[in-house]
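Structure data follow from start-v4.cif (mmCIF, C-alpha atoms and all ligand atoms):
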data_work
loop_
_atom_site.label_atom_id
_atom_site.label_comp_id
_atom_site.auth_asym_id
_atom_site.auth_seq_id
_atom_site.Cartn_x
_atom_site.Cartn_y
_atom_site.Cartn_z
CA MET A 1 4.65 -31.25 7.60
CA THR A 2 1.45 -30.32 5.82
CA CYS A 3 -2.08 -31.67 5.84
CA PRO A 4 -4.78 -31.44 3.17
CA ARG A 5 -7.31 -30.39 5.84
CA GLU A 6 -5.44 -27.26 6.96
CA GLN A 7 -7.73 -24.99 4.91
CA GLU A 8 -10.75 -26.46 6.73
CA VAL A 9 -9.00 -25.84 10.04
CA ILE A 10 -8.30 -22.19 9.17
CA HIS A 11 -11.97 -21.78 8.27
CA ALA A 12 -13.03 -23.41 11.55
CA VAL A 13 -10.71 -21.19 13.61
CA ARG A 14 -12.03 -18.08 11.83
CA SER A 15 -15.68 -19.04 12.20
CA GLY A 16 -15.42 -20.83 15.53
CA GLN A 17 -17.45 -23.68 14.07
CA TRP A 18 -15.88 -27.14 14.08
CA ALA A 19 -17.46 -30.07 12.32
CA GLU A 20 -17.34 -33.31 14.38
CA GLY A 21 -15.07 -35.12 11.90
CA LEU A 22 -12.67 -32.22 11.79
CA ARG A 23 -12.56 -32.01 15.58
CA ALA A 24 -11.50 -35.66 15.76
CA HIS A 25 -8.91 -35.20 13.02
CA PHE A 26 -7.54 -32.08 14.68
CA ALA A 27 -6.88 -33.93 17.93
CA GLU A 28 -4.56 -36.32 16.08
CA CYS A 29 -2.92 -34.07 13.47
CA GLU A 30 0.22 -32.14 14.32
CA ALA A 31 0.12 -30.00 11.15
CA CYS A 32 -3.45 -28.91 11.81
CA SER A 33 -2.75 -28.13 15.43
CA GLU A 34 0.17 -25.90 14.40
CA THR A 35 -2.03 -24.23 11.78
CA ALA A 36 -4.73 -23.57 14.38
CA MET A 37 -2.18 -22.09 16.77
CA VAL A 38 -0.81 -19.69 14.14
CA ALA A 39 -4.28 -18.84 12.83
CA GLY A 40 -5.45 -18.13 16.39
CA PHE A 41 -2.48 -15.85 16.97
CA MET A 42 -3.07 -13.99 13.70
CA LEU A 43 -6.75 -13.48 14.52
CA GLN A 44 -5.76 -12.05 17.87
CA ALA A 45 -3.32 -9.76 16.02
CA ALA A 46 -6.23 -8.60 13.86
CA GLU A 47 -8.60 -8.10 16.79
CA THR A 48 -6.10 -5.90 18.64
CA ALA A 49 -4.84 -4.01 15.57
CA GLU A 50 -5.36 -0.34 14.90
CA THR A 51 -8.42 -0.05 12.61
CA ALA A 52 -9.38 3.63 12.85
CA ALA A 53 -9.39 4.93 9.27
CA PRO A 54 -10.17 8.43 7.96
CA GLU A 55 -13.76 9.18 6.89
CA ALA A 56 -14.69 7.97 3.41
CA GLY A 57 -15.77 11.50 2.42
CA PHE A 58 -12.42 12.92 3.47
CA VAL A 59 -10.45 10.36 1.44
CA TRP A 60 -12.73 10.93 -1.58
CA TRP A 61 -12.40 14.72 -1.35
CA LYS A 62 -8.62 14.58 -0.92
CA SER A 63 -8.31 12.23 -3.90
CA GLN A 64 -10.40 14.53 -6.11
CA LEU A 65 -8.36 17.55 -5.06
CA ARG A 66 -5.06 15.77 -5.72
CA ALA A 67 -6.25 14.47 -9.10
CA ARG A 68 -7.24 18.02 -10.14
CA ARG A 69 -3.89 19.42 -8.98
CA GLU A 70 -1.94 16.73 -10.83
CA ALA A 71 -4.05 17.32 -13.98
CA ALA A 72 -3.25 21.04 -13.79
CA VAL A 73 0.48 20.32 -13.50
CA ARG A 74 0.26 17.96 -16.49
CA ALA A 75 -1.60 20.62 -18.51
CA GLU A 76 1.06 23.24 -17.72
CA LYS A 77 3.98 21.08 -18.84
CA PRO A 78 3.56 21.57 -22.64
CA ILE A 79 3.27 25.36 -22.12
CA ILE A 80 6.54 25.47 -20.17
CA VAL A 81 8.25 23.30 -22.82
CA ALA A 82 6.92 25.58 -25.61
CA GLU A 83 8.13 28.71 -23.78
CA ARG A 84 11.62 27.23 -23.45
CA ALA A 85 11.66 26.13 -27.10
CA VAL A 86 10.72 29.67 -28.20
CA ALA A 87 13.48 31.17 -26.04
CA VAL A 88 16.12 28.80 -27.48
CA ALA A 89 14.93 29.46 -31.07
CA ALA A 90 15.04 33.25 -30.51
CA LEU A 91 18.59 32.97 -29.19
CA LEU A 92 19.75 30.90 -32.20
CA VAL A 93 18.12 33.32 -34.66
CA GLY A 94 19.75 36.24 -32.78
CA VAL A 95 23.23 34.68 -32.94
CA TRP A 96 22.79 33.92 -36.65
CA ALA A 97 21.54 37.49 -37.33
CA ALA A 98 24.43 39.06 -35.37
CA ALA A 99 26.95 36.99 -37.35
CA TRP A 100 25.31 37.96 -40.65
CA PHE A 101 25.14 41.68 -39.76
CA SER A 102 28.78 41.76 -38.62
CA SER A 103 29.84 40.35 -41.99
CA GLU A 104 27.94 43.23 -43.71
CA SER A 105 28.92 46.20 -41.49
CA PRO A 106 30.22 46.62 -37.89
CA ALA A 107 27.71 49.42 -37.19
CA LEU A 108 24.81 47.16 -38.20
CA ALA A 109 26.19 44.41 -35.90
CA VAL A 110 26.33 46.78 -32.90
CA ALA A 111 22.75 47.90 -33.61
CA ALA A 112 21.64 44.26 -33.98
CA VAL A 113 23.26 43.16 -30.68
CA GLY A 114 21.74 46.22 -28.92
CA GLY A 115 18.34 45.35 -30.39
CA LEU A 116 18.77 41.72 -29.31
CA ILE A 117 19.59 42.68 -25.71
CA LEU A 118 16.54 44.94 -25.61
CA ALA A 119 14.32 42.22 -27.12
CA GLY A 120 15.77 39.65 -24.68
CA LEU A 121 15.10 41.87 -21.67
CA THR A 122 11.54 42.55 -22.84
CA ALA A 123 10.84 38.85 -23.50
CA GLY A 124 12.47 37.86 -20.17
CA SER A 125 10.43 40.30 -18.12
CA ALA A 126 7.25 39.24 -19.98
CA LEU A 127 7.97 35.61 -19.14
CA LEU A 128 8.73 36.45 -15.51
CA TYR A 129 5.48 38.38 -15.28
CA ALA A 130 3.57 35.47 -16.83
CA TRP A 131 5.15 32.96 -14.43
CA SER A 132 4.55 35.16 -11.39
CA ARG A 133 0.82 35.22 -12.23
CA LYS A 134 0.55 31.37 -12.36
CA MET B 1 -16.24 4.94 -9.69
CA THR B 2 -18.89 7.31 -8.31
CA GLU B 3 -18.70 8.80 -4.84
CA VAL B 4 -21.57 6.60 -3.64
CA GLU B 5 -19.84 3.44 -4.94
CA PHE B 6 -16.59 4.56 -3.35
CA ARG B 7 -18.19 5.18 0.04
CA GLU B 8 -19.75 1.72 0.00
CA PHE B 9 -16.51 0.01 -1.01
CA TYR B 10 -14.48 2.05 1.46
CA GLY B 11 -16.90 1.22 4.27
CA ALA B 12 -16.41 -2.49 3.62
CA THR B 13 -12.62 -2.45 3.18
CA ALA B 14 -10.99 0.44 5.06
CA LYS B 15 -10.92 -1.05 8.58
CA PRO B 16 -9.55 -4.48 7.57
CA LEU B 17 -7.01 -2.79 5.28
CA LYS B 18 -5.94 -0.46 8.09
CA ALA B 19 -5.49 -3.45 10.42
CA TYR B 20 -3.45 -5.25 7.73
CA LEU B 21 -1.20 -2.24 7.08
CA SER B 22 -0.81 -1.47 10.79
CA ARG B 23 0.34 -4.99 11.53
CA ILE B 24 2.64 -5.48 8.56
CA THR B 25 4.32 -2.08 9.05
CA GLY B 26 4.05 -1.96 12.86
CA ASN B 27 3.24 1.75 12.55
CA ALA B 28 -0.31 3.13 12.64
CA THR B 29 0.61 6.55 11.21
CA LEU B 30 2.45 5.03 8.27
CA ALA B 31 -0.48 2.63 7.81
CA ASP B 32 -2.81 5.65 7.48
CA ASP B 33 -0.63 7.20 4.79
CA LEU B 34 -0.36 3.95 2.85
CA LEU B 35 -4.10 3.40 3.15
CA GLN B 36 -4.95 6.80 1.67
CA GLU B 37 -2.37 6.39 -1.08
CA SER B 38 -3.81 2.96 -1.96
CA TYR B 39 -7.34 4.31 -2.38
CA TYR B 40 -6.03 7.29 -4.32
CA ARG B 41 -4.20 5.03 -6.77
CA MET B 42 -7.25 2.85 -7.13
CA LEU B 43 -9.41 5.87 -7.94
CA ARG B 44 -6.86 7.39 -10.31
CA VAL B 45 -6.62 4.49 -12.75
CA ASP B 46 -9.38 3.76 -15.17
CA LEU B 47 -10.15 0.23 -13.99
CA PRO B 48 -12.22 -2.13 -16.11
CA SER B 49 -15.48 -3.04 -14.41
CA MET B 50 -14.66 -5.33 -11.49
CA ASP B 51 -16.72 -7.08 -8.86
CA PRO B 52 -16.03 -6.08 -5.22
CA SER B 53 -13.74 -9.06 -4.57
CA GLN B 54 -11.57 -8.25 -7.62
CA LEU B 55 -11.49 -4.62 -6.56
CA LYS B 56 -10.46 -5.67 -3.06
CA SER B 57 -7.66 -7.79 -4.56
CA TYR B 58 -6.49 -4.80 -6.57
CA LEU B 59 -6.57 -2.59 -3.46
CA TYR B 60 -4.59 -5.07 -1.35
CA ARG B 61 -2.06 -5.54 -4.13
CA THR B 62 -1.56 -1.78 -4.34
CA ALA B 63 -1.24 -1.50 -0.55
CA THR B 64 1.17 -4.45 -0.43
CA ASN B 65 3.36 -2.90 -3.14
CA LEU B 66 3.40 0.44 -1.35
CA ALA B 67 4.39 -1.24 1.91
CA ARG B 68 7.10 -3.20 0.07
CA ASP B 69 8.47 0.02 -1.49
CA HIS B 70 8.55 1.52 1.99
CA PHE B 71 10.44 -1.48 3.41
CA ARG B 72 12.96 -1.26 0.56
CA ALA B 73 13.47 2.46 1.02
CA THR B 74 13.93 2.23 4.78
CA LYS B 75 15.61 -1.22 4.93
CA PHE B 76 12.76 -2.04 7.26
CA GLN B 77 13.27 -0.97 10.82
CA PRO B 78 10.29 -2.01 12.96
CA ALA B 79 8.69 1.08 14.46
CA PRO B 80 8.95 1.55 18.21
CA LEU B 81 5.75 0.43 19.83
CA ASN B 82 3.51 3.14 21.20
CA GLU B 83 -0.13 3.78 21.99
CA ALA B 84 -0.84 4.73 18.39
CA THR B 85 0.37 1.30 17.28
CA ALA B 86 -1.88 -0.36 19.77
CA GLY B 87 -4.71 1.72 18.39
CA GLU B 88 -8.19 1.70 19.72
CA ALA B 89 -7.57 -1.21 22.02
CA ALA B 90 -8.39 -0.64 25.67
CA SER B 91 -5.36 0.25 27.78
CA SER B 92 -5.19 -3.27 29.25
CA ASP B 93 -4.96 -4.59 25.68
CA ILE B 94 -2.11 -2.29 24.68
CA GLY B 95 0.50 -4.54 26.26
CA LEU B 96 -0.97 -7.57 24.49
CA SER B 97 -1.07 -5.72 21.18
CA ALA B 98 2.57 -4.67 21.63
CA ASP B 99 3.60 -8.26 22.45
CA ILE B 100 1.84 -9.45 19.32
CA GLN B 101 3.59 -6.82 17.21
CA GLN B 102 6.96 -7.84 18.63
CA VAL B 103 6.33 -11.42 17.57
CA LEU B 104 5.24 -10.27 14.10
CA ASN B 105 8.34 -8.10 13.77
CA GLU B 106 10.46 -11.23 14.15
CA ILE B 107 9.34 -12.55 10.78
CA LYS B 108 10.00 -10.82 7.45
CA PRO B 109 7.50 -8.26 6.12
CA ASN B 110 6.58 -10.50 3.16
CA GLU B 111 5.98 -13.40 5.58
CA ARG B 112 3.69 -11.19 7.66
CA GLN B 113 1.75 -10.35 4.50
CA LEU B 114 1.33 -14.01 3.60
CA VAL B 115 0.20 -15.24 7.02
CA TRP B 116 -2.16 -12.29 7.39
CA LEU B 117 -3.84 -12.86 4.05
CA ALA B 118 -4.07 -16.62 4.62
CA TYR B 119 -5.27 -16.67 8.22
CA VAL B 120 -7.02 -13.35 8.80
CA GLU B 121 -8.48 -12.72 5.35
CA GLY B 122 -8.91 -16.45 4.68
CA ALA B 123 -7.57 -15.90 1.15
CA SER B 124 -6.84 -18.86 -1.12
CA HIS B 125 -3.36 -19.36 -2.57
CA ARG B 126 -4.56 -17.95 -5.89
CA GLU B 127 -5.95 -14.85 -4.18
CA ILE B 128 -2.75 -14.43 -2.15
CA ALA B 129 -0.76 -14.63 -5.39
CA GLU B 130 -2.97 -11.91 -6.90
CA MET B 131 -2.70 -9.68 -3.85
CA THR B 132 1.04 -9.97 -3.34
CA GLY B 133 2.39 -10.54 -6.85
CA VAL B 134 4.05 -13.79 -5.69
CA LYS B 135 3.71 -16.71 -8.14
CA GLU B 136 0.83 -18.97 -7.16
CA ALA B 137 3.12 -22.04 -7.04
CA SER B 138 5.42 -20.23 -4.61
CA VAL B 139 2.69 -19.30 -2.15
CA ARG B 140 2.44 -22.75 -0.55
CA PRO B 141 6.15 -23.20 0.34
CA LEU B 142 6.53 -19.56 1.42
CA LEU B 143 3.44 -19.73 3.57
CA PHE B 144 4.54 -23.04 5.05
CA ARG B 145 7.93 -21.59 6.02
CA ALA B 146 6.35 -18.45 7.49
CA LYS B 147 3.87 -20.55 9.50
CA GLN B 148 6.63 -22.73 10.91
CA LYS B 149 8.74 -19.73 11.85
CA LEU B 150 5.83 -18.06 13.60
CA ALA B 151 4.84 -21.29 15.36
CA SER B 152 8.34 -21.78 16.72
CA ILE B 153 8.50 -18.16 17.97
CA LEU B 154 5.12 -18.58 19.67
CA ARG B 155 6.28 -21.78 21.36
CA GLU B 156 9.56 -20.19 22.47
CA ARG B 157 7.73 -17.24 23.98
CA GLY B 158 4.95 -19.32 25.48
CA LEU B 159 2.44 -17.26 23.50
CA ALA B 160 0.63 -20.09 21.79
CA VAL B 161 -3.02 -18.96 21.64
CA GLU B 162 -5.60 -21.49 22.72
CA ARG B 163 -8.29 -21.22 20.06
CA SER B 164 -8.58 -24.88 19.34
CA ALA B 165 -11.42 -27.31 18.87
CA ARG B 166 -11.33 -28.29 22.49
ZN ZN A 201 -4.52 -32.30 9.58
#
In structure tokens, how does this file's structure come out?
Amino acid sequence: MTCPREQEVIHAVRSGQWAEGLRAHFAECEACSETAMVAGFMLQAAETAETAAPEAGFVWWKSQLRARREAAVRAEKPIIVAERAVAVAALLVGVWAAAWFSSESPALAVAAVGGLILAGLTAGSALLYAWSRK
Amino acid sequence: MTEVEFREFYGATAKPLKAYLSRITGNATLADDLLQESYYRMLRVDLPSMDPSQLKSYLYRTATNLARDHFRATKFQPAPLNEATAGEAASSDIGLSADIQQVLNEIKPNERQLVWLAYVEGASHREIAEMTGVKEASVRPLLFRAKQKLASILRERGLAVERSAR
């Protein structure tokens, strides 16, 4: 069962102010009396609820800090992607060069692979050093 | 939003939002986390200029979505009642607050949201639709069902609150 005056009843329960006509209607209307009962219960739930919230300044400061941290992470992402792309490209070029050298002369291939390992170790330690400083 | 504007808006909305989140989750600590996350998300997005009531709608919608995500992730288990749940209430009120939470825990989280927004916030069906993401046409039947459920629990438990016109 519903009643078109329920909204008025909710307002009256919340404000504690009942117009005479509404008071008379309320006494007769089952829907409105149920609405008032539930509204009264919910207001009591609100009055006894936990309302202690952190200070506004604290929430503002924490939000600013988090936004800056997330912006920094976003800014770092392209650098990390670029570093990985460079590493993959270097590896592909190295494999291609080793294959080419080995077709020319075995000695050249050994020198190329040795050079590659040395270059890889140097690049790897440089990257590790760069990451450790972040 | 500037810090001054934020402080003013926060001052007007934080306590009612905390009460809302505490009651719909039944857990004051979780309510605190959801509250801070809601304000953070509001500050993070570049909102078009809004009046305070639109901003409040946006905030409640964010908070409601976060609570809903939490319920989905945890398959909602009502939190055990403790002093933190009862909050700032005087010790004699803690039992009452716990009784109230037990009644609220008997209806679904989305029903708690609807009855809270309708009866505590005094929101219209359109505003409730905006705040919860429920279609406006669905608010009336959902709210009606939630109200009936709550009324029957209150009658069963003899907890009907006398706040009538008499
Ligand atoms: Zn009526």
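Take the candidates B:Met50, B:Ala67, B:Met1, B:Ala129 and check each one against Ala31 (chain B) using only C-alpha atoms; the shortest distance goes to B:Ala67.
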Counting only C-alpha atoms, which residues of chain A come no farther than 8 Å from chain B, as a PDB file with C-alpha atoms, in the frame of the given file?
ATOM      1  CA  THR A   2       1.450 -30.320   5.820  1.00  0.00           C
ATOM      2  CA  ILE A  10      -8.300 -22.190   9.170  1.00  0.00           C
ATOM      3  CA  HIS A  11     -11.970 -21.780   8.270  1.00  0.00           C
ATOM      4  CA  VAL A  13     -10.710 -21.190  13.610  1.00  0.00           C
ATOM      5  CA  ARG A  14     -12.030 -18.080  11.830  1.00  0.00           C
ATOM      6  CA  TRP A  18     -15.880 -27.140  14.080  1.00  0.00           C
ATOM      7  CA  ARG A  23     -12.560 -32.010  15.580  1.00  0.00           C
ATOM      8  CA  PHE A  26      -7.540 -32.080  14.680  1.00  0.00           C
ATOM      9  CA  SER A  33      -2.750 -28.130  15.430  1.00  0.00           C
ATOM     10  CA  GLU A  34       0.170 -25.900  14.400  1.00  0.00           C
ATOM     11  CA  THR A  35      -2.030 -24.230  11.780  1.00  0.00           C
ATOM     12  CA  ALA A  36      -4.730 -23.570  14.380  1.00  0.00           C
ATOM     13  CA  MET A  37      -2.180 -22.090  16.770  1.00  0.00           C
ATOM     14  CA  VAL A  38      -0.810 -19.690  14.140  1.00  0.00           C
ATOM     15  CA  ALA A  39      -4.280 -18.840  12.830  1.00  0.00           C
ATOM     16  CA  GLY A  40      -5.450 -18.130  16.390  1.00  0.00           C
ATOM     17  CA  PHE A  41      -2.480 -15.850  16.970  1.00  0.00           C
ATOM     18  CA  MET A  42      -3.070 -13.990  13.700  1.00  0.00           C
ATOM     19  CA  LEU A  43      -6.750 -13.480  14.520  1.00  0.00           C
ATOM     20  CA  ALA A  45      -3.320  -9.760  16.020  1.00  0.00           C
ATOM     21  CA  ALA A  46      -6.230  -8.600  13.860  1.00  0.00           C
ATOM     22  CA  THR A  48      -6.100  -5.900  18.640  1.00  0.00           C
ATOM     23  CA  ALA A  49      -4.840  -4.010  15.570  1.00  0.00           C
ATOM     24  CA  GLU A  50      -5.360  -0.340  14.900  1.00  0.00           C
ATOM     25  CA  THR A  51      -8.420  -0.050  12.610  1.00  0.00           C
ATOM     26  CA  ALA A  52      -9.380   3.630  12.850  1.00  0.00           C
ATOM     27  CA  ALA A  53      -9.390   4.930   9.270  1.00  0.00           C
ATOM     28  CA  PRO A  54     -10.170   8.430   7.960  1.00  0.00           C
ATOM     29  CA  ALA A  56     -14.690   7.970   3.410  1.00  0.00           C
ATOM     30  CA  GLY A  57     -15.770  11.500   2.420  1.00  0.00           C
ATOM     31  CA  VAL A  59     -10.450  10.360   1.440  1.00  0.00           C
ATOM     32  CA  TRP A  60     -12.730  10.930  -1.580  1.00  0.00           C
ATOM     33  CA  SER A  63      -8.310  12.230  -3.900  1.00  0.00           C
ATOM     34  CA  ALA A  67      -6.250  14.470  -9.100  1.00  0.00           C
TER      35      ALA A  67
END
**Item:** Contacts to ligand ZN 201 (chain A) at 6 Å cut-off (only C-alpha atoms and all ligand atoms) as a PyMOL selection string
**Value:** chain A and resi 3+5-6+26+29+31-32
**Request:** Grab the CA of Leu143 (chain B) to CA of Pro4 (chain A) distance for me, in Å with one decimal place.
**Result:** 14.3 Å
**Asked** Which residues, written as an MDAnalysis selection string, have at least one atom at most 9 Å from region 54-60 of chain B, with only C-alpha atoms counted and residues fewer than 2 positions away on the same chain left out?
**Response** chainID B and resid 9 13 17 38:39 41:42 47 49:52 62:65 127:128 130:132
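Taking CA of Gly16 (chain A) and CA of Ala12 (chain B) as the two end points, the separation is 21.9 Å.
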